[in-house]
>>> print(open('final07.tsv').read())   # TSV, C-alpha atoms
chain	number	residue	atom	x	y	z
A	2	MET	CA	90.54	115.60	149.74
A	3	SER	CA	90.24	118.22	147.06
A	4	ASP	CA	86.62	118.72	146.90
A	5	GLN	CA	94.56	135.05	138.13
A	6	GLN	CA	97.72	141.98	133.36
A	7	PRO	CA	100.71	143.62	133.74
A	8	ALA	CA	100.10	147.18	134.80
A	9	ALA	CA	100.57	149.88	132.19
A	10	VAL	CA	100.33	152.93	134.44
A	11	PRO	CA	100.69	153.02	138.23
A	12	ARG	CA	97.32	154.04	139.64
A	13	ARG	CA	94.54	152.73	141.84
A	14	PRO	CA	92.28	150.07	140.34
A	15	SER	CA	89.40	151.50	138.34
A	16	ARG	CA	86.06	149.87	137.79
A	17	ARG	CA	85.62	147.47	134.92
A	18	GLY	CA	83.82	148.54	131.79
A	19	VAL	CA	80.37	147.06	131.46
A	20	LEU	CA	80.42	143.47	130.26
A	21	ARG	CA	77.34	142.92	128.19
A	22	THR	CA	75.87	139.44	128.37
A	23	GLY	CA	73.59	137.39	126.23
A	24	ILE	CA	73.21	134.39	128.48
A	25	ALA	CA	70.07	132.43	129.01
A	26	ALA	CA	70.39	131.09	132.54
A	27	GLY	CA	71.34	127.45	132.71
A	28	ALA	CA	71.56	126.95	128.95
A	29	VAL	CA	75.12	127.24	127.78
A	30	GLY	CA	75.53	124.91	124.83
A	31	GLY	CA	74.91	127.67	122.28
A	32	THR	CA	74.90	130.62	124.64
A	33	GLY	CA	76.92	133.80	124.27
A	34	ILE	CA	78.51	136.14	126.77
A	35	ALA	CA	79.92	139.39	125.46
A	36	ALA	CA	82.95	141.29	126.70
A	37	ALA	CA	83.04	145.08	126.57
A	38	SER	CA	86.49	145.47	128.12
A	39	ALA	CA	89.41	143.67	129.65
A	40	ALA	CA	89.71	143.52	133.41
A	41	ASP	CA	91.85	145.70	135.56
A	42	ALA	CA	95.41	144.47	135.64
A	43	PHE	CA	96.68	143.65	139.07
A	44	SER	CA	99.78	142.37	140.77
A	45	GLY	CA	100.36	140.11	143.72
A	46	ASP	CA	101.23	143.07	145.94
A	47	ARG	CA	98.27	145.04	144.56
A	48	ALA	CA	100.54	148.06	144.10
A	49	THR	CA	99.43	148.90	140.56
A	50	ALA	CA	96.50	148.41	138.27
A	51	ALA	CA	95.49	149.61	134.85
A	52	ARG	CA	92.86	148.89	132.25
A	53	PRO	CA	93.37	148.74	128.50
A	54	ALA	CA	91.01	150.73	126.32
A	55	ALA	CA	87.64	149.04	125.97
A	56	ARG	CA	86.85	147.24	122.76
A	57	ARG	CA	83.19	146.43	122.43
A	58	SER	CA	81.83	143.30	120.83
A	59	ARG	CA	78.40	141.96	120.10
A	60	PRO	CA	76.84	139.51	122.58
A	61	GLY	CA	78.48	136.12	122.32
A	62	ASN	CA	81.10	137.36	119.90
A	63	SER	CA	84.24	137.78	122.00
A	64	GLY	CA	85.82	134.72	120.42
A	65	VAL	CA	86.79	133.42	123.87
A	66	ARG	CA	85.29	130.07	124.77
A	67	LEU	CA	85.23	127.90	127.88
A	68	ARG	CA	84.60	124.18	128.23
A	69	TRP	CA	84.05	122.45	131.56
A	70	LEU	CA	85.96	119.17	131.73
A	71	GLY	CA	84.27	118.15	134.96
A	72	ILE	CA	85.43	118.61	138.56
A	73	ALA	CA	87.87	121.58	138.34
A	74	GLY	CA	89.00	121.00	134.75
A	75	TRP	CA	88.65	123.75	132.12
A	76	GLU	CA	89.63	124.47	128.54
A	77	MET	CA	89.88	128.12	127.40
A	78	THR	CA	90.25	128.76	123.65
A	79	PHE	CA	90.59	131.95	121.58
A	80	ASP	CA	92.27	133.05	118.34
A	81	GLY	CA	93.84	129.62	117.82
A	82	HIS	CA	95.23	129.52	121.37
A	83	ARG	CA	94.35	126.97	124.02
A	84	VAL	CA	94.90	126.96	127.80
A	85	VAL	CA	93.90	124.01	129.97
A	86	ILE	CA	93.43	124.03	133.74
A	87	ASP	CA	93.42	120.90	135.98
A	88	PRO	CA	92.49	118.36	133.27
A	89	TYR	CA	91.33	115.33	135.27
A	90	LEU	CA	89.07	113.04	133.21
A	91	THR	CA	89.38	109.61	134.87
A	92	ARG	CA	86.98	110.33	137.76
A	93	GLN	CA	87.93	107.24	139.77
A	94	GLY	CA	86.17	106.21	142.95
A	95	PHE	CA	87.70	107.53	146.15
A	96	THR	CA	85.61	106.04	148.94
A	97	GLY	CA	85.74	102.78	150.84
A	98	ALA	CA	82.96	100.30	151.59
A	99	ASP	CA	81.74	102.58	154.37
A	100	GLY	CA	81.25	105.47	151.96
A	101	LYS	CA	84.02	107.55	153.55
A	102	PRO	CA	87.05	108.82	151.63
A	103	ASP	CA	89.79	106.18	151.43
A	104	MET	CA	93.10	107.72	150.46
A	105	THR	CA	94.81	104.32	150.34
A	106	ARG	CA	93.03	103.47	147.06
A	107	LYS	CA	95.39	102.90	144.15
A	108	LEU	CA	95.58	105.57	141.48
A	109	GLU	CA	93.75	104.74	138.28
A	110	VAL	CA	93.94	106.26	134.79
A	111	ASP	CA	90.98	105.69	132.46
A	112	HIS	CA	92.66	105.56	129.06
A	113	ARG	CA	89.36	104.99	127.29
A	114	ILE	CA	87.64	108.14	128.46
A	115	ILE	CA	90.78	110.27	128.06
A	116	ASP	CA	91.19	109.04	124.48
A	117	ARG	CA	87.55	109.81	123.76
A	118	VAL	CA	87.62	113.31	125.24
A	119	LEU	CA	90.79	114.20	123.33
A	120	ARG	CA	89.29	112.85	120.13
A	121	GLU	CA	85.87	114.52	120.44
A	122	HIS	CA	86.37	117.63	122.60
A	123	LEU	CA	89.96	118.57	123.50
A	124	THR	CA	91.00	118.42	119.87
A	125	GLY	CA	94.31	120.26	120.15
A	126	ALA	CA	97.23	120.50	122.56
A	127	PRO	CA	97.31	123.50	124.89
A	128	GLU	CA	100.12	126.04	125.05
A	129	PHE	CA	99.77	126.21	128.83
A	130	LEU	CA	98.62	123.58	131.29
A	131	LEU	CA	97.84	125.25	134.62
A	132	LEU	CA	97.76	123.30	137.89
A	133	THR	CA	95.92	124.65	140.91
A	134	HIS	CA	97.17	121.99	143.35
A	135	GLY	CA	98.44	118.45	143.59
A	136	HIS	CA	95.47	116.28	144.56
A	137	TRP	CA	94.57	113.29	142.42
A	138	ASP	CA	91.39	114.89	141.00
A	139	HIS	CA	93.55	117.67	139.50
A	140	LEU	CA	96.94	116.17	138.66
A	141	ALA	CA	96.63	112.39	138.27
A	142	ASP	CA	95.85	112.33	134.52
A	143	VAL	CA	98.50	114.90	133.51
A	144	PRO	CA	101.33	112.43	132.79
A	145	TYR	CA	99.13	110.31	130.50
A	146	LEU	CA	97.82	113.43	128.74
A	147	LEU	CA	101.33	114.76	128.12
A	148	GLU	CA	102.38	111.40	126.66
A	149	HIS	CA	99.22	110.99	124.59
A	150	PRO	CA	99.81	110.92	120.81
A	151	ALA	CA	97.61	114.02	120.50
A	152	TRP	CA	99.83	116.05	122.85
A	153	ARG	CA	103.26	114.48	123.18
A	154	GLU	CA	104.95	116.25	120.24
A	155	ALA	CA	103.67	119.68	121.30
A	156	GLU	CA	105.59	122.14	123.46
A	157	ILE	CA	103.35	122.55	126.48
A	158	THR	CA	104.33	124.79	129.39
A	159	VAL	CA	103.11	123.27	132.65
A	160	LEU	CA	102.77	125.75	135.51
A	161	GLY	CA	102.60	124.63	139.13
A	162	SER	CA	104.24	124.89	142.51
A	163	GLU	CA	107.50	123.19	143.44
A	164	THR	CA	105.53	120.31	144.96
A	165	HIS	CA	103.34	119.86	141.89
A	166	LEU	CA	106.35	119.62	139.60
A	167	HIS	CA	108.16	117.23	141.94
A	168	LEU	CA	105.10	114.97	141.79
A	169	LEU	CA	105.06	115.15	137.99
A	170	THR	CA	108.79	114.38	137.85
A	171	ALA	CA	108.14	111.29	139.94
A	172	MET	CA	105.43	110.32	137.41
A	173	GLY	CA	107.78	110.64	134.41
A	174	VAL	CA	107.06	114.20	133.22
A	175	PRO	CA	108.20	115.71	130.88
A	176	GLY	CA	109.13	112.33	129.36
A	177	LYS	CA	112.19	111.34	127.37
A	178	GLY	CA	112.67	113.53	124.32
A	179	ARG	CA	109.54	115.61	125.01
A	180	LYS	CA	109.46	119.38	124.53
A	181	HIS	CA	107.09	120.01	127.43
A	182	ARG	CA	108.34	122.67	129.86
A	183	PRO	CA	107.45	122.32	133.55
A	184	ALA	CA	107.89	125.73	135.19
A	185	VAL	CA	107.73	126.48	138.91
A	186	VAL	CA	105.52	129.40	139.93
A	187	SER	CA	104.49	130.58	143.37
A	188	GLY	CA	102.15	133.54	142.81
A	189	GLY	CA	102.77	137.06	141.53
A	190	GLU	CA	104.19	136.05	138.15
A	191	VAL	CA	102.74	137.74	135.04
A	192	LEU	CA	103.73	135.62	132.05
A	193	ARG	CA	103.27	136.56	128.40
A	194	HIS	CA	102.62	134.48	125.30
A	195	PRO	CA	104.43	134.41	123.04
A	196	LEU	CA	107.82	135.17	124.53
A	197	MET	CA	109.28	138.57	123.74
A	198	PRO	CA	111.18	138.30	120.43
A	199	PRO	CA	114.91	139.09	120.78
A	200	GLY	CA	115.62	142.74	120.13
A	201	LYS	CA	111.96	143.62	119.50
A	202	GLN	CA	109.09	145.13	121.45
A	203	SER	CA	105.70	143.56	120.96
A	204	ARG	CA	102.43	143.12	122.77
A	205	PRO	CA	101.57	139.55	123.82
A	206	ASP	CA	98.58	137.69	122.47
A	207	TYR	CA	97.62	136.97	126.07
A	208	THR	CA	99.03	136.86	129.57
A	209	VAL	CA	98.77	134.42	132.45
A	210	GLU	CA	98.99	135.89	135.95
A	211	VAL	CA	99.57	133.52	138.86
A	212	VAL	CA	98.01	134.21	142.25
A	213	ARG	CA	98.48	132.53	145.58
A	214	SER	CA	95.34	130.83	146.79
A	215	LEU	CA	94.05	128.46	149.48
A	216	HIS	CA	92.63	124.98	149.58
A	217	SER	CA	89.06	124.30	150.65
A	218	GLN	CA	88.45	123.52	154.29
A	219	VAL	CA	85.52	121.31	155.13
A	220	GLY	CA	84.32	119.45	158.22
A	221	GLY	CA	86.99	119.45	160.91
A	222	TYR	CA	88.56	122.59	159.37
A	223	GLY	CA	90.99	120.57	157.29
A	224	PHE	CA	91.56	118.63	154.09
A	225	ASP	CA	93.44	115.52	153.07
A	226	PRO	CA	96.03	114.72	151.82
A	227	TYR	CA	98.07	117.77	152.72
A	228	GLY	CA	101.84	118.31	152.54
A	229	THR	CA	104.66	119.82	150.48
A	230	LEU	CA	107.74	118.37	148.81
A	231	THR	CA	111.25	119.68	148.27
A	232	ALA	CA	112.38	116.80	146.05
A	233	PRO	CA	110.70	114.20	143.84
A	234	PRO	CA	109.24	111.33	145.90
A	235	ALA	CA	108.89	107.70	144.93
A	236	ARG	CA	106.43	107.26	142.10
A	237	PRO	CA	102.91	107.99	143.46
A	238	ARG	CA	100.80	104.87	143.73
A	239	THR	CA	97.80	105.86	145.87
A	240	LEU	CA	95.49	108.82	146.22
A	241	ASN	CA	97.31	109.71	149.42
A	242	ASP	CA	100.60	110.14	147.53
A	243	LEU	CA	99.30	113.15	145.59
A	244	VAL	CA	99.51	115.90	148.20
A	245	GLU	CA	98.15	119.44	147.91
A	246	GLY	CA	101.54	121.20	147.81
A	247	GLY	CA	100.13	124.73	147.89
A	248	THR	CA	97.18	126.09	145.91
A	249	LEU	CA	97.29	128.54	143.00
A	250	GLY	CA	94.82	130.56	140.97
A	251	TYR	CA	95.30	132.05	137.51
A	252	GLN	CA	94.04	135.06	135.56
A	253	VAL	CA	94.20	134.76	131.77
A	254	THR	CA	93.84	138.09	129.95
A	255	VAL	CA	93.26	138.16	126.19
A	256	GLY	CA	94.67	141.41	124.83
A	257	ASP	CA	92.27	144.26	125.59
A	258	ARG	CA	89.22	142.06	125.24
A	259	LEU	CA	88.58	139.88	128.24
A	260	SER	CA	90.06	138.55	131.46
A	261	VAL	CA	89.06	135.30	133.12
A	262	MET	CA	90.13	134.49	136.66
A	263	PHE	CA	90.28	130.83	137.62
A	264	LEU	CA	89.81	130.36	141.36
A	265	SER	CA	88.41	127.09	140.16
A	266	GLY	CA	90.36	124.31	141.83
A	267	THR	CA	89.14	124.74	145.40
A	268	ALA	CA	86.34	126.43	147.32
A	269	ASN	CA	88.55	128.97	149.08
A	270	PHE	CA	90.73	131.95	148.16
A	271	ALA	CA	93.19	134.43	149.68
A	272	ALA	CA	91.32	137.73	149.57
A	273	ARG	CA	94.39	139.95	150.04
A	274	GLU	CA	96.16	138.27	147.11
A	275	VAL	CA	93.42	139.19	144.62
A	276	SER	CA	92.16	142.46	146.09
A	277	GLY	CA	92.16	145.03	143.30
A	278	ALA	CA	91.59	142.48	140.56
A	279	ARG	CA	88.55	143.14	138.42
A	280	PRO	CA	88.12	140.13	136.14
A	281	ASP	CA	85.35	140.16	133.58
A	282	VAL	CA	84.68	136.48	134.23
A	283	LEU	CA	85.26	134.54	137.45
A	284	VAL	CA	85.40	130.74	137.46
A	285	LEU	CA	84.88	129.89	141.11
A	286	GLY	CA	85.05	126.63	143.06
A	287	ALA	CA	81.54	126.12	144.41
A	288	SER	CA	81.40	123.28	146.90
A	289	GLY	CA	83.35	121.98	149.88
A	290	HIS	CA	83.61	125.16	151.95
A	291	ALA	CA	81.74	124.34	155.15
A	292	ALA	CA	84.51	125.84	157.26
A	293	VAL	CA	85.08	128.97	155.14
A	294	HIS	CA	83.27	132.09	156.38
A	295	ASP	CA	81.03	133.87	153.84
A	296	TYR	CA	82.97	132.29	150.99
A	297	PHE	CA	80.74	133.24	148.06
A	298	GLU	CA	79.93	136.70	149.40
A	299	ARG	CA	83.59	137.59	150.09
A	300	ALA	CA	84.79	136.25	146.73
A	301	VAL	CA	82.17	138.20	144.77
A	302	GLU	CA	82.79	141.44	146.67
A	303	THR	CA	86.61	141.19	146.72
A	304	LEU	CA	86.73	140.72	142.95
A	305	GLY	CA	84.47	143.70	142.23
A	306	ARG	CA	81.34	141.73	141.43
A	307	PRO	CA	82.39	140.24	138.08
A	308	ARG	CA	79.68	140.45	135.43
A	309	VAL	CA	79.89	136.71	134.76
A	310	ILE	CA	80.54	133.99	137.33
A	311	VAL	CA	80.88	130.32	136.44
A	312	PRO	CA	80.81	127.65	139.18
A	313	SER	CA	83.45	124.92	139.22
A	314	HIS	CA	84.35	121.79	141.20
A	315	HIS	CA	80.73	121.08	142.07
A	316	ASP	CA	79.92	117.67	140.61
A	317	ASP	CA	80.13	114.18	142.15
A	318	LEU	CA	83.73	113.55	140.93
A	319	VAL	CA	83.03	109.97	139.85
A	320	THR	CA	80.24	109.59	137.27
A	321	PRO	CA	81.93	108.92	133.89
A	322	LEU	CA	81.99	111.85	131.48
A	323	ASP	CA	80.28	109.80	128.77
A	324	ASP	CA	77.41	108.81	131.07
A	325	PRO	CA	74.43	111.12	130.35
A	326	ALA	CA	73.73	111.10	134.09
A	327	VAL	CA	76.89	113.15	134.68
A	328	HIS	CA	75.00	116.37	133.92
A	329	GLY	CA	72.70	115.72	136.85
A	330	THR	CA	75.55	115.41	139.36
A	331	ALA	CA	76.31	119.14	139.52
A	332	ASP	CA	75.44	120.61	142.92
A	333	ARG	CA	72.42	122.74	142.02
A	334	ALA	CA	71.99	123.94	145.60
A	335	ALA	CA	75.53	125.35	145.53
A	336	VAL	CA	74.77	127.12	142.23
A	337	ASP	CA	71.62	128.61	143.76
A	338	ARG	CA	73.58	129.88	146.76
A	339	LEU	CA	76.17	131.40	144.43
A	340	ARG	CA	73.40	133.15	142.48
A	341	LYS	CA	72.01	134.59	145.70
A	342	ALA	CA	75.45	135.85	146.76
A	343	ALA	CA	76.12	137.33	143.29
A	344	GLY	CA	72.88	139.32	143.33
A	345	SER	CA	71.72	141.34	140.35
A	346	HIS	CA	75.18	142.65	139.40
A	347	SER	CA	76.54	139.28	138.20
A	348	ARG	CA	75.18	136.58	135.93
A	349	VAL	CA	75.88	133.05	137.16
A	350	VAL	CA	76.19	130.56	134.29
A	351	SER	CA	75.77	126.90	135.15
A	352	PRO	CA	77.99	124.92	132.73
A	353	ARG	CA	77.37	121.44	131.35
A	354	HIS	CA	80.12	118.85	131.14
A	355	LEU	CA	82.21	119.05	127.95
A	356	GLU	CA	79.90	121.63	126.32
A	357	GLN	CA	81.70	124.71	125.01
A	358	PHE	CA	80.23	128.17	125.48
A	359	GLU	CA	81.35	131.56	124.23
A	360	LEU	CA	82.06	134.61	126.35
>>> encode(input="final07.tsv", output="structure tokens")
Amino acid sequence: MSDQQPAAVPRRPSRRGVLRTGIAAGAVGGTGIAAASAADAFSGDRATAARPAARRSRPGNSGVRLRWLGIAGWEMTFDGHRVVIDPYLTRQGFTGADGKPDMTRKLEVDHRIIDRVLREHLTGAPEFLLLTHGHWDHLADVPYLLEHPAWREAEITVLGSETHLHLLTAMGVPGKGRKHRPAVVSGGEVLRHPLMPPGKQSRPDYTVEVVRSLHSQVGGYGFDPYGTLTAPPARPRTLNDLVEGGTLGYQVTVGDRLSVMFLSGTANFAAREVSGARPDVLVLGASGHAAVHDYFERAVETLGRPRVIVPSHHDDLVTPLDDPAVHGTADRAAVDRLRKAAGSHSRVVSPRHLEQFEL
């Protein structure tokens, strides 16, 4: 069960410029976090890294905003752009009468709550939809979202592994006549938006770097359902049909202003894949890592102690998003442990469901 800039000059990674923050701990609805510089660029083989010139901004005035969609779902918006990661809003039950996970349960899609969230919070279609892995609590709502009237006429690039895209194909994505673009990635890609104009040189508005990652490992040193696919299967009907299919992380870098790394979909990571990265902001899976040695400590240290760390994938997975009780389902103990691991060099911001906050 399921519980990130291109280099300009070859050189060793340098330290990040200071990221000034204006966060009041635990209160994010109207809170600001300021960026003083973009992160070090890095590549999958860690051969090169470079940092753009710093551009300072006042606290809370970077123009880059995050919104937690619950579980491992995130919206990142800036300058009229929107990127969405693992948008799962249904939050269906996944246990049997005995309280243990039951992967034979039929997949459900809560049209009501998806319609409401798109109407009141996710008010525009993203340019990129980024998938970290294939489990139901990450991928199951994607076909309905892509066919939703609010999104279906947009051109959305969906990034995921071969398995993830085979699962989506089996679920009818991209859909007849749709302009959505599923694109296979495996880690190491540095993608720009917009595309390079023919015959012209231009800087992108932002880049998306893909990194190889790992799934959480809990009691028994495993997770379920696991597996990979080399062709589309029969249409998925149960939780068990949506297999992991490899895990990915993503770093989104906005010009020379700010970089946000999303190791958000699981509570594990591949340290050697991200060594040398220096994101300004780290969104980090925070629960379900009983079998992972020194997870928080290694993640914080490997990524150069990011100035801002935001926990992810640390709620109960099932309380409806429009139930006020959902805010109380976040794992506060996990957030406290993350704060302890982060120490005084990083500010840990505890997000609230569906509430946007500025970096």
>>> atom_distance(input="final07.tsv", atom1="atom CA of A:Val319", atom2="atom CA of A:Asn269")
21.8 Å
>>> atom_distance(input="final07.tsv", atom1="atom CA of A:Val284", atom2="atom CA of A:Gly266")
9.2 Å
>>> closest_residue(input="final07.tsv", among="A:Ser347, A:Thr330, A:Gln93, A:Tyr222", to="A:Leu283", atoms="all atoms listed in the file")
A:Ser347
>>> closest_residue(input="final07.tsv", among="A:Thr170, A:Ser162, A:Thr78, A:Thr231", to="A:Gly188", atoms="all atoms listed in the file")
A:Ser162
>>> closest_residue(input="final07.tsv", among="A:Trp137, A:Phe358, A:Tyr145, A:Trp152", to="A:Trp75", atoms="all atoms listed in the file")
A:Phe358
>>> atom_distance(input="final07.tsv", atom1="atom CA of A:Leu240", atom2="atom CA of A:Lys107")
6.3 Å
>>> residues_around(input="final07.tsv", residues="A:Asp142", least_positions_apart="3", cutoff="8 Å", atoms="all atoms listed in the file", output="PyMOL selection string")
chain A and resi 88-91+110+139+145-146
>>> closest_residue(input="final07.tsv", among="A:Thr158, A:Ser260, A:Thr239, A:His314", to="A:Phe95", atoms="all atoms listed in the file")
A:Thr239
>>> closest_residue(input="final07.tsv", among="A:His149, A:His167, A:Lys101, A:Arg340", to="A:Val244", atoms="only C-alpha atoms")
A:His167
>>> closest_residue(input="final07.tsv", among="A:Arg348, A:Arg92, A:His354, A:Arg236", to="A:Glu76", atoms="only C-alpha atoms")
A:His354
>>> residues_around(input="final07.tsv", residues="A:Met104", least_positions_apart="4", cutoff="9 Å", atoms="only C-alpha atoms", output="list in words")
Met2, Phe95, Thr96, Gly97, Asp225, Pro226, Thr239, Leu240, Asn241 and Asp242 of chain A
>>> residues_around(input="final07.tsv", residues="A:Ala331", least_positions_apart="5", cutoff="12 Å", atoms="all atoms listed in the file", output="ChimeraX atom specification")
/A:27,69,71-73,287-288,312-320,326,336-337,351-354
>>> write_last_selection(input="final07.tsv", atoms="C-alpha atoms", output="PDB file, keeping the file's coordinate frame")
ATOM      1  CA  GLY A  27      71.340 127.450 132.710  1.00  0.00           C
ATOM      2  CA  TRP A  69      84.050 122.450 131.560  1.00  0.00           C
ATOM      3  CA  GLY A  71      84.270 118.150 134.960  1.00  0.00           C
ATOM      4  CA  ILE A  72      85.430 118.610 138.560  1.00  0.00           C
ATOM      5  CA  ALA A  73      87.870 121.580 138.340  1.00  0.00           C
ATOM      6  CA  ALA A 287      81.540 126.120 144.410  1.00  0.00           C
ATOM      7  CA  SER A 288      81.400 123.280 146.900  1.00  0.00           C
ATOM      8  CA  PRO A 312      80.810 127.650 139.180  1.00  0.00           C
ATOM      9  CA  SER A 313      83.450 124.920 139.220  1.00  0.00           C
ATOM     10  CA  HIS A 314      84.350 121.790 141.200  1.00  0.00           C
ATOM     11  CA  HIS A 315      80.730 121.080 142.070  1.00  0.00           C
ATOM     12  CA  ASP A 316      79.920 117.670 140.610  1.00  0.00           C
ATOM     13  CA  ASP A 317      80.130 114.180 142.150  1.00  0.00           C
ATOM     14  CA  LEU A 318      83.730 113.550 140.930  1.00  0.00           C
ATOM     15  CA  VAL A 319      83.030 109.970 139.850  1.00  0.00           C
ATOM     16  CA  THR A 320      80.240 109.590 137.270  1.00  0.00           C
ATOM     17  CA  ALA A 326      73.730 111.100 134.090  1.00  0.00           C
ATOM     18  CA  VAL A 336      74.770 127.120 142.230  1.00  0.00           C
ATOM     19  CA  ASP A 337      71.620 128.610 143.760  1.00  0.00           C
ATOM     20  CA  SER A 351      75.770 126.900 135.150  1.00  0.00           C
ATOM     21  CA  PRO A 352      77.990 124.920 132.730  1.00  0.00           C
ATOM     22  CA  ARG A 353      77.370 121.440 131.350  1.00  0.00           C
ATOM     23  CA  HIS A 354      80.120 118.850 131.140  1.00  0.00           C
TER      24      HIS A 354
END
>>> residues_near_point(input="final07.tsv", point="(96.7, 130.9, 149.0)", cutoff="7 Å", atoms="only C-alpha atoms", output="list of chain:residue names")
A:Arg213, A:Ser214, A:Leu215, A:Thr248, A:Leu249, A:Phe270, A:Ala271
